[in-house]
Amino acid sequence: MLQHIRPAIVMIVGMTGIAQVLFHHQANGSLIEQDGKVIGSSLIGQNFTSEKYFHGRPSATTDTDPNDSSKTVPAPYNAANSSGSNLGPTSKALVDRVKDDVAKLEAESPGVPVPADLVTTSASGLDPDITPAGALFQVPRVAKARGLKETDVRQLVEAHTSGRLLGIIGEPHVNVLRLNLALDALGKS
């Protein structure tokens with residue numbers, strides 16, 4: 001039995017060592033620090049609710065209800081419980097939530113189409129990114145709340161838009177945490 005376990009342990013230790021040397025940042029969770037303190041990960045969304053910040057995709061993650069352990073309660077971006085909602089397109093609860101979210105966003109920017117990623121959850125419930133359209137949709141609200149020019153906030157979004165990997169893989173996206181940190185760095189809040 002030891003002859004089977006030993007190669008597995010050596011491989012794990014070896015791969016961990018290689019990852020630490022070649023991909024140190026990623027191997028340690030892609031953590032983002034500010035003033036020497038970890039404030040988040042570029043891989044896990046955060047629940048920004050203030051009008052002064054860009055908001056990410058809705059999160060469907062939950063946690064155990066502190067009042068009744070047999071039930072769950074919403075816990076946005078709960079990395080310990082990564083999951084989608086499992087609600088299908090005919091689910092009344094899902095349809096009602098999306099309609100409510102769309103109505104709130106339409107009130108925020110009348111006449112502007114609401115990007116789908118601002119009202120739909122990702123499969124993990126932890127997506128840290130939004131589409132460039134989702135970020136640009138929020139520019140007027142953020143600029144107004146911070147007393148900034150919309151053109152300045154729009155330029156910030158464009159500067160934080162990542163393109164496709166190698167020009168062909170994935171979709172352009174904006175990391176919400178990094179964008180909000182850059183927004184804070186502008187100095188007005």
# chains A, B, ... in the order shown; residues from 1 in each chain; ligands from 1

call {"tool": "residues_around", "arguments": {"residues": "stretch 174-186 of chain A", "least_positions_apart": "6", "cutoff": "10 Å", "atoms": "only C-alpha atoms", "output": "ChimeraX atom specification"}}
result
/A:32,34,39-48,52-57,127-135,142-143,146,148,152-153,156-163

call {"tool": "residues_around", "arguments": {"residues": "stretch 92-103 of chain A", "least_positions_apart": "3", "cutoff": "8 Å", "atoms": "only C-alpha atoms", "output": "PyMOL selection string"}}
result
chain A and resi 87-89+106-107+114+119-120

call {"tool": "atom_distance", "arguments": {"atom1": "atom CA of A:Leu126", "atom2": "atom CA of A:Gly84"}}
result
9.0 Å

call {"tool": "atom_distance", "arguments": {"atom1": "atom CA of A:Ala79", "atom2": "atom CA of A:Thr121"}}
result
14.4 Å

call {"tool": "select_by_dssp", "arguments": {"residues": "stretch 42-175 of chain A", "states": "strand (DSSP E or B)", "output": "number ranges by chain"}}
result
A: 62-65, 68-74, 129-130, 161-162, 165, 169, 173-175

call {"tool": "decode", "arguments": {"residues": "stretch 46-64 of chain A", "atoms": "N, CA and C atoms", "output": "PDB file, in the first residue's frame"}}
result
ATOM      1  N   GLN A  46     -17.507  39.901  -4.620  1.00  0.00           N
ATOM      2  CA  GLN A  46     -17.856  40.469  -3.325  1.00  0.00           C
ATOM      3  C   GLN A  46     -19.178  41.209  -3.457  1.00  0.00           C
ATOM      4  N   ASN A  47     -19.862  41.363  -2.349  1.00  0.00           N
ATOM      5  CA  ASN A  47     -21.190  41.962  -2.357  1.00  0.00           C
ATOM      6  C   ASN A  47     -21.105  43.475  -2.158  1.00  0.00           C
ATOM      7  N   PHE A  48     -20.869  44.203  -3.235  1.00  0.00           N
ATOM      8  CA  PHE A  48     -20.858  45.668  -3.174  1.00  0.00           C
ATOM      9  C   PHE A  48     -22.297  46.154  -3.305  1.00  0.00           C
ATOM     10  N   THR A  49     -22.772  46.920  -2.334  1.00  0.00           N
ATOM     11  CA  THR A  49     -24.160  47.383  -2.368  1.00  0.00           C
ATOM     12  C   THR A  49     -24.280  48.898  -2.433  1.00  0.00           C
ATOM     13  N   SER A  50     -23.245  49.633  -2.074  1.00  0.00           N
ATOM     14  CA  SER A  50     -23.292  51.091  -2.084  1.00  0.00           C
ATOM     15  C   SER A  50     -23.427  51.609  -3.511  1.00  0.00           C
ATOM     16  N   GLU A  51     -24.142  52.699  -3.658  1.00  0.00           N
ATOM     17  CA  GLU A  51     -24.298  53.342  -4.962  1.00  0.00           C
ATOM     18  C   GLU A  51     -22.962  53.853  -5.498  1.00  0.00           C
ATOM     19  N   LYS A  52     -21.970  54.004  -4.630  1.00  0.00           N
ATOM     20  CA  LYS A  52     -20.659  54.530  -5.012  1.00  0.00           C
ATOM     21  C   LYS A  52     -19.755  53.479  -5.639  1.00  0.00           C
ATOM     22  N   TYR A  53     -20.234  52.235  -5.685  1.00  0.00           N
ATOM     23  CA  TYR A  53     -19.429  51.144  -6.224  1.00  0.00           C
ATOM     24  C   TYR A  53     -20.145  50.429  -7.357  1.00  0.00           C
ATOM     25  N   PHE A  54     -19.357  49.827  -8.232  1.00  0.00           N
ATOM     26  CA  PHE A  54     -19.905  48.950  -9.248  1.00  0.00           C
ATOM     27  C   PHE A  54     -20.366  47.671  -8.556  1.00  0.00           C
ATOM     28  N   HIS A  55     -21.480  47.142  -9.011  1.00  0.00           N
ATOM     29  CA  HIS A  55     -22.030  45.919  -8.447  1.00  0.00           C
ATOM     30  C   HIS A  55     -21.722  44.756  -9.378  1.00  0.00           C
ATOM     31  N   GLY A  56     -21.489  43.592  -8.795  1.00  0.00           N
ATOM     32  CA  GLY A  56     -21.247  42.393  -9.582  1.00  0.00           C
ATOM     33  C   GLY A  56     -22.540  41.700  -9.950  1.00  0.00           C
ATOM     34  N   ARG A  57     -22.384  40.504 -10.486  1.00  0.00           N
ATOM     35  CA  ARG A  57     -23.563  39.687 -10.797  1.00  0.00           C
ATOM     36  C   ARG A  57     -24.251  39.286  -9.504  1.00  0.00           C
ATOM     37  N   PRO A  58     -25.548  39.022  -9.561  1.00  0.00           N
ATOM     38  CA  PRO A  58     -26.215  38.499  -8.368  1.00  0.00           C
ATOM     39  C   PRO A  58     -25.578  37.162  -7.971  1.00  0.00           C
ATOM     40  N   SER A  59     -25.602  36.859  -6.711  1.00  0.00           N
ATOM     41  CA  SER A  59     -25.040  35.608  -6.222  1.00  0.00           C
ATOM     42  C   SER A  59     -26.152  34.746  -5.634  1.00  0.00           C
ATOM     43  N   ALA A  60     -26.130  33.463  -5.959  1.00  0.00           N
ATOM     44  CA  ALA A  60     -27.163  32.548  -5.474  1.00  0.00           C
ATOM     45  C   ALA A  60     -26.692  31.727  -4.284  1.00  0.00           C
ATOM     46  N   THR A  61     -25.515  32.025  -3.746  1.00  0.00           N
ATOM     47  CA  THR A  61     -25.008  31.205  -2.650  1.00  0.00           C
ATOM     48  C   THR A  61     -25.805  31.430  -1.369  1.00  0.00           C
ATOM     49  N   THR A  62     -25.797  30.403  -0.539  1.00  0.00           N
ATOM     50  CA  THR A  62     -26.560  30.433   0.712  1.00  0.00           C
ATOM     51  C   THR A  62     -25.685  29.985   1.881  1.00  0.00           C
ATOM     52  N   ASP A  63     -26.250  30.069   3.059  1.00  0.00           N
ATOM     53  CA  ASP A  63     -25.597  29.563   4.262  1.00  0.00           C
ATOM     54  C   ASP A  63     -26.695  29.025   5.185  1.00  0.00           C
ATOM     55  N   THR A  64     -26.294  28.322   6.203  1.00  0.00           N
ATOM     56  CA  THR A  64     -27.258  27.778   7.157  1.00  0.00           C
ATOM     57  C   THR A  64     -27.915  28.916   7.930  1.00  0.00           C
TER      58      THR A  64
END
